[in-house]
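*Asks:* Submitted below is the structure of interest, expressed as structure tokens.
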Amino acid sequence: MRGLMAFGFLVCALSAQAQLYRWTDDSGKVHYTDMPPPANAKNVQKKELARPVPTESSQQPYALQQALKKFPVTIYVSKDCGDPCKRGLAHLKKRGVPFAEKNVSKQDEIDELTKLAGAPRVPTLVVGVEVQKDYDLDVWDQALDTAGYPRSGTP
């Protein structure tokens, strides 16, 4: 659990970066860095970070700018997810939350989701480092409210 939290904090800290490297040193220790690993590194993986693509920031409310900066939102979906994914995506759009959408279809994407959420279940919502499996309107709203996303898009 600590490793997952540390990784989440690292991802947030590196949110201004476009890539992250995961590699193992000679003693078997796994490292996450924003710099390319040394030549003797093993199991090197280069990850592109998913970041929300906000509209012109000067036109966004201050509360939304702050929430985007501190707690980026990512939703994991799949083509076979059906209604739960459709409802989750529609809710984020209705609420006006900018988000990154990750379509899970390849084995490495399934492995990434399993490591992040403990199971390859979609939809999975990530708000900053908080992970919510399955679509639950109240739980998702609570996570978005806690992160400071305004409810301006909802009635």
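In the structure tokens, each chain is lettered A, B, ... as it comes, each chain's residues begin at 1, and ligands are numbered from 1 in order of appearance.
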Pull the strand (DSSP E or B) assignments for stretch 40-143 of chain A out of DSSP run on the backbone, and list those residues as a PyMOL selection string.
*Replies:* chain A and resi 42-48+73-77+100-103+124-127+130-133
*Asks:* Would you kindly return, as a list of chain:residue names, each protein, DNA or RNA residue with an atom no farther than 10 Å from any atom of A:Leu137, considering only C-alpha atoms and excluding same-chain residues fewer than 5 positions away?
*Replies:*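 Non-adjacent residues within range: A:Arg87, A:Gly88, A:His91, A:Gln142.
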*Asks:* Pick from A:Trp23, A:Tyr62, A:Tyr32, A:Tyr76: nearest to A:Glu112, with only C-alpha atoms counted?
*Replies:* A:Tyr76
*Asks:* Between A:Val44, A:Pro98, A:Val122, A:Arg22, which one has atoms that come closest to A:Lys69, using only C-alpha atoms?
*Replies:*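 Using only C-alpha atoms, A:Lys69 sits closest to A:Pro98.
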*Asks:* If you count only C-alpha atoms, which residues fall within 12 Å of A:Val30, apart from same-chain ones fewer than 6 positions away, as a list of chain:residue names?
*Replies:* A:Gly3, A:Phe7, A:Tyr21, A:Arg22, A:Trp23, A:Thr24, A:Pro37, A:Ala41, A:Lys42, A:Asn43, A:Val44, A:Gln45
*Asks:* Neighbours of A:Leu89 within 9 Å (only C-alpha atoms; same-chain residues fewer than 2 positions away dropped), as a list in words?
*Replies:* Ile75, Val77, Pro84, Cys85, Lys86, Arg87, His91, Leu92, Lys93, Lys94, Glu101 and Pro123 of chain A
*Asks:* Take the residues just selected and output them with N, CA and C atoms as an mmCIF file, in the first residue's frame.
*Replies:*
```cif
data_model
loop_
_atom_site.group_PDB
_atom_site.id
_atom_site.type_symbol
_atom_site.label_atom_id
_atom_site.label_comp_id
_atom_site.auth_asym_id
_atom_site.auth_seq_id
_atom_site.Cartn_x
_atom_site.Cartn_y
_atom_site.Cartn_z
ATOM 1 N N ILE A 75 -10.031 8.479 -16.042
ATOM 2 C CA ILE A 75 -11.016 7.410 -16.009
ATOM 3 C C ILE A 75 -10.534 6.284 -16.920
ATOM 4 N N VAL A 77 -11.545 2.948 -18.886
ATOM 5 C CA VAL A 77 -12.715 2.316 -19.488
ATOM 6 C C VAL A 77 -12.245 1.219 -20.442
ATOM 7 N N PRO A 84 -22.027 1.059 -17.517
ATOM 8 C CA PRO A 84 -21.332 1.742 -16.417
ATOM 9 C C PRO A 84 -20.295 2.759 -16.914
ATOM 10 N N CYS A 85 -19.540 2.395 -17.943
ATOM 11 C CA CYS A 85 -18.547 3.343 -18.475
ATOM 12 C C CYS A 85 -19.223 4.535 -19.141
ATOM 13 N N LYS A 86 -20.290 4.276 -19.881
ATOM 14 C CA LYS A 86 -21.020 5.367 -20.533
ATOM 15 C C LYS A 86 -21.574 6.348 -19.494
ATOM 16 N N ARG A 87 -22.142 5.810 -18.411
ATOM 17 C CA ARG A 87 -22.698 6.673 -17.360
ATOM 18 C C ARG A 87 -21.595 7.461 -16.651
ATOM 19 N N HIS A 91 -21.317 11.449 -16.729
ATOM 20 C CA HIS A 91 -21.381 12.210 -15.477
ATOM 21 C C HIS A 91 -20.224 13.203 -15.379
ATOM 22 N N LEU A 92 -19.019 12.769 -15.730
ATOM 23 C CA LEU A 92 -17.875 13.686 -15.692
ATOM 24 C C LEU A 92 -18.093 14.851 -16.651
ATOM 25 N N LYS A 93 -18.622 14.561 -17.835
ATOM 26 C CA LYS A 93 -18.886 15.621 -18.818
ATOM 27 C C LYS A 93 -19.978 16.563 -18.324
ATOM 28 N N LYS A 94 -21.045 15.988 -17.760
ATOM 29 C CA LYS A 94 -22.155 16.805 -17.256
ATOM 30 C C LYS A 94 -21.693 17.715 -16.122
ATOM 31 N N GLU A 101 -8.947 10.097 -20.484
ATOM 32 C CA GLU A 101 -9.620 8.809 -20.639
ATOM 33 C C GLU A 101 -8.604 7.783 -21.119
ATOM 34 N N PRO A 123 -15.646 0.820 -15.011
ATOM 35 C CA PRO A 123 -14.784 1.990 -15.002
ATOM 36 C C PRO A 123 -14.076 2.148 -13.660
#
```
*Asks:* Can you list, as an MDAnalysis selection string, every protein, DNA or RNA residue that comes within 12 Å of A:Thr124 when you count only C-alpha atoms, leaving out same-chain residues fewer than 6 positions away?
*Replies:* chainID A and resid 73:78 81 84:85 88:89 100:104 110 112:114 116:118 130:136 139:140
*Asks:* Which residue, A:Gly28, A:Val129, A:Arg121, A:Asn40, has the smallest gap to A:Glu109 when you use only C-alpha atoms?
*Replies:*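 Selected residue with least distance to A:Glu109: A:Arg121.
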*Asks:* One decimal, in Å: what's the spacing between atom CA of A:Leu144 and atom CA of A:Ala63?
*Replies:*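 One can read the atom CA of A:Leu144 to atom CA of A:Ala63 distance as 11.9 Å.
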*Asks:* Out of A:Pro36, A:Pro72, A:Gly96, A:Pro150, which residue has the shortest atom-to-atom distance to A:Val126 when counting only C-alpha atoms?
*Replies:*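 Once distances to A:Val126 are computed over only C-alpha atoms, the minimum belongs to A:Pro72.
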*Asks:* One decimal, Å: what's the distance from atom CA of A:Pro61 over to atom CA of A:Arg95, could you say?
*Replies:*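 These atoms are spaced 13.5 Å apart.
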*Asks:* How many Å lie between atom CA of A:Asp141 and atom CA of A:Gln60, rounded to one decimal?
*Replies:*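 According to the coordinates, atom CA of A:Asp141 and atom CA of A:Gln60 are separated by 19.7 Å.
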*Asks:* Out of stretch 23-151 of chain A, which residues get helix (DSSP H, G or I) from DSSP, as number ranges by chain?
*Replies:* A: 57-59, 62-70, 83-95, 107-117, 137-147
*Asks:* Within 8 Å of A:Asp111, counting only C-alpha atoms, which residues qualify if same-chain residues fewer than 4 places away don't, as a ChimeraX atom specification?
*Replies:* /A:107,115,120
*Asks:* Dump N, CA and C atoms for the selected residues as an mmCIF file, in the first residue's frame?
*Replies:*
```cif
data_model
loop_
_atom_site.group_PDB
_atom_site.id
_atom_site.type_symbol
_atom_site.label_atom_id
_atom_site.label_comp_id
_atom_site.auth_asym_id
_atom_site.auth_seq_id
_atom_site.Cartn_x
_atom_site.Cartn_y
_atom_site.Cartn_z
ATOM 1 N N GLN A 107 -2.586 -5.978 -22.801
ATOM 2 C CA GLN A 107 -2.203 -6.627 -21.547
ATOM 3 C C GLN A 107 -1.434 -5.687 -20.625
ATOM 4 N N LYS A 115 -2.483 -3.068 -11.085
ATOM 5 C CA LYS A 115 -1.548 -2.566 -10.078
ATOM 6 C C LYS A 115 -2.116 -1.330 -9.375
ATOM 7 N N PRO A 120 -8.546 -5.545 -12.440
ATOM 8 C CA PRO A 120 -8.776 -4.909 -13.742
ATOM 9 C C PRO A 120 -10.252 -4.609 -13.975
#
```
